[in-house]
Amino acid sequence: VEIESNVPVDESAGGVVVAGALESDRLSTYRTRHRFERYAEFSTVEQFRALCEQASREGRRLLVLGNGSNVLFRRGRIRTLVARNKLGRVFEDLGEGRVRASSSLMISVILKHCRDQRLDSFYYLASVPATVGGAIAMNAGRGRSFGQSIFDFVERVTWFEDGEIRTASAGEIPHEYRWTPFAGLTGKLVLEAVFRFPPSAETEDKIGERVRFSKETQDHSLPNCGSVFKESKGGLMLRLRGLRLLGASYSTKTANWLLNRSPSPRGLVLLIRVAQVLHRLIGRRAVVELIEVD
Ligand SMILES: Cc1cc2nc3c(=O)[nH]c(=O)nc-3n(C[C@H](O)[C@H](O)[C@H](O)COP(=O)(O)OP(=O)(O)OC[C@H]3O[C@@H](n4cnc5c(N)ncnc54)[C@H](O)[C@@H]3O)c2cc1C
């Protein structure tokens with residue numbers, strides 16, 4: 001288990017950071033290449049505050065970036081200020097199944113702890129390359145019909161919003177299928193969360209089991225961001241399997257799953273639009289789960 005002493009809400013290490021230009025294909029797991037007009041990494045709340053001020057001064061929207069596993073950058077040139085979460089990685093075992101974790105920590109660290117301590121957990125996210133902040137913001141979980149998500153284990157969340165640090169219990173934070181008030185370009189930064197995991201009598205390796213299941217059923221052959229739509233017609237998405245455009249394609253193995261082999265996001269964007277138009281023609285909605293950023 002990864003432990004660092006850096007406390008994310010400690011502002012004493014503050015310093016001003018200024019976002020500048022960057023060209024990269026590493027900021028989304030689709031691995032598309034972009035010219036980011038404004039990109040910076042922050043490791044303190046003070047630095048994040050400075051980036052919020054810069055975005056507001058320059059009339060830009062701001063994206064808090066975790067691991068980029070649910071983000072689609074839609075254009076070659078990105079105007080949004082992208083602020084990458086590099087707060088200290090904190091993991092603290094509070095005892096009796098409670099864990100405190102900073103938003104920059106990968107969720108796999110928590111899952112390994114739960115497995116070793118024989119605790120129930122969100123093992124269904126074992127193959128998801130998410131940070132704690134990204135998983136909370138997206139209310140990451142299983143498919144809609146299962147009704148299970150990370151919020152089942154969240155006790156409280158601490159975040160930064162409008163210049164203030166706030167804490168609320170999970171019950172006080174609205175959350176629904178793949179949505180919380182932190183999702184999207186909201187300017188809110190999740191700092192840390194406390195989780196509560198109940199004891200479990202099960203002895204199998206739940207992480208190994210889930211990783212095996214994911215390899216069998218999900219398409220990891222090319223860069224992807226997992227499921228594309230959080231609401232769609234299953235039959236129609238099945239028919240789109242294998243459709244290709246400009247270096248992107250709907251997976252032949254997994255429905256509702258885009259693969260990318262191009263530096264340009266154009267194929268991905270077009271394939272999403274194709275699905276949306278087809279849904280509209282039959283009077284249905286296709287609602288994108290990805291966070292789309294310009
Ligand atoms: C192979 C694969 C499988 C996947 N399977 C699943 C699955 O089973 N279930 C599921 O729900 N998702 C799944 N996903 C999608 C994705 O992993 C999740 O949505 C994940 O929660 C995103 O985490 P991230 O750290 O990469 O966030 P990012 O993609 O970086 O960001 C996503 C959103 O969260 C916000 N955010 C990130 N960090 C913070 C923070 N600290 N404070 C405030 N907002 C923040 C961002 O601003 C953005 O709006 C999968 C993705 C892949 C690539």
# chains A, B, ... in the order shown; residues from 1 in each chain; ligands from 1
call {"tool": "residues_near_ligand", "arguments": {"ligand": "ligand 1", "cutoff": "6 Å", "atoms": "only C-alpha atoms and all ligand atoms", "output": "ChimeraX atom specification"}}
result
/A:63-71,103,125,128-131,133-135,137-138,140-142,182-185,188-191,224-226,291
call {"tool": "select_by_dssp", "arguments": {"residues": "range 4-97 of chain A", "states": "strand (DSSP E)", "output": "VMD selection string"}}
result
chain A and resid 20 to 24 34 to 42 62 to 65 71 to 73 77 to 85 91 to 95
call {"tool": "select_by_dssp", "arguments": {"residues": "range 204-236 of chain A", "states": "helix (DSSP H, G or I)", "output": "list in words"}}
result
Lys206, Ile207, Gly208, Glu209, Arg210, Val211, Arg212, Phe213, Ser214, Lys215, Glu216, Thr217, Gly234, Gly235 and Leu236 of chain A
call {"tool": "closest_atom_pairs", "arguments": {"of": "range 29-118 of chain A", "to": "range 270-275 of chain A", "cutoff": "12 Å", "atoms": "only C-alpha atoms", "output": "Markdown table"}}
result
| residue | atom | partner | partner_atom | distance |
| --- | --- | --- | --- | --- |
| A:Leu72 | CA | A:Ile272 | CA | 10.9 |
| A:Arg74 | CA | A:Leu270 | CA | 10.1 |
| A:Arg75 | CA | A:Leu270 | CA | 11.9 |
call {"tool": "write_last_selection", "arguments": {"atoms": "C-alpha atoms", "output": "PDB file, in the first residue's frame"}}
result
ATOM      1  CA  LEU A  72     -12.610  12.779 -24.961  1.00  0.00           C
ATOM      2  CA  ARG A  74     -12.766  16.722 -29.297  1.00  0.00           C
ATOM      3  CA  ARG A  75     -10.521  19.074 -31.294  1.00  0.00           C
TER       4      ARG A  75
END
call {"tool": "atom_distance", "arguments": {"atom1": "CA of Val269 in chain A", "atom2": "CA of Ser227 in chain A"}}
result
14.3 Å
call {"tool": "residues_around", "arguments": {"residues": "Arg156 in chain A", "least_positions_apart": "3", "cutoff": "7 Å", "atoms": "only C-alpha atoms", "output": "list of chain:residue names"}}
result
A:Thr167, A:Ala168, A:Ser169, A:Ala170, A:Ala193, A:Val194
call {"tool": "write_last_selection", "arguments": {"atoms": "N, CA, C and O atoms", "output": "JSON list (two decimals), in the first residue's frame"}}
result
[["chain", "number", "residue", "atom", "x", "y", "z"],
["A", 167, "THR", "N", -16.71, 19.85, 3.27],
["A", 167, "THR", "CA", -16.86, 18.41, 3.52],
["A", 167, "THR", "C", -18.34, 18.09, 3.64],
["A", 167, "THR", "O", -19.08, 18.87, 4.24],
["A", 168, "ALA", "N", -18.75, 16.97, 3.07],
["A", 168, "ALA", "CA", -20.14, 16.53, 3.23],
["A", 168, "ALA", "C", -20.18, 15.02, 3.26],
["A", 168, "ALA", "O", -19.28, 14.35, 2.73],
["A", 169, "SER", "N", -21.21, 14.48, 3.89],
["A", 169, "SER", "CA", -21.36, 13.03, 3.91],
["A", 169, "SER", "C", -21.91, 12.59, 2.55],
["A", 169, "SER", "O", -22.49, 13.40, 1.81],
["A", 170, "ALA", "N", -21.73, 11.30, 2.25],
["A", 170, "ALA", "CA", -22.16, 10.79, 0.94],
["A", 170, "ALA", "C", -23.65, 11.07, 0.72],
["A", 170, "ALA", "O", -24.07, 11.42, -0.38],
["A", 193, "ALA", "N", -11.41, 11.48, 0.24],
["A", 193, "ALA", "CA", -12.65, 10.84, 0.66],
["A", 193, "ALA", "C", -12.35, 9.85, 1.77],
["A", 193, "ALA", "O", -11.23, 9.33, 1.88],
["A", 194, "VAL", "N", -13.36, 9.62, 2.61],
["A", 194, "VAL", "CA", -13.28, 8.55, 3.61],
["A", 194, "VAL", "C", -14.27, 7.48, 3.16],
["A", 194, "VAL", "O", -15.42, 7.78, 2.82]]
call {"tool": "closest_residue", "arguments": {"among": "A:Ala19, A:Val132, A:Ile207, A:Leu245", "to": "Glu41 in chain A", "atoms": "only C-alpha atoms"}}
result
A:Ala19
call {"tool": "closest_residue", "arguments": {"among": "A:Thr217, A:Asn139, A:Ser127, A:Ser262", "to": "Gly247 in chain A", "atoms": "only C-alpha atoms"}}
result
A:Ser262
call {"tool": "closest_residue", "arguments": {"among": "A:Asp152, A:Glu176, A:Asp294, A:Glu161", "to": "Arg196 in chain A", "atoms": "only C-alpha atoms"}}
result
A:Asp152
call {"tool": "atom_distance", "arguments": {"atom1": "CA of Arg89 in chain A", "atom2": "CA of Val154 in chain A"}}
result
17.9 Å
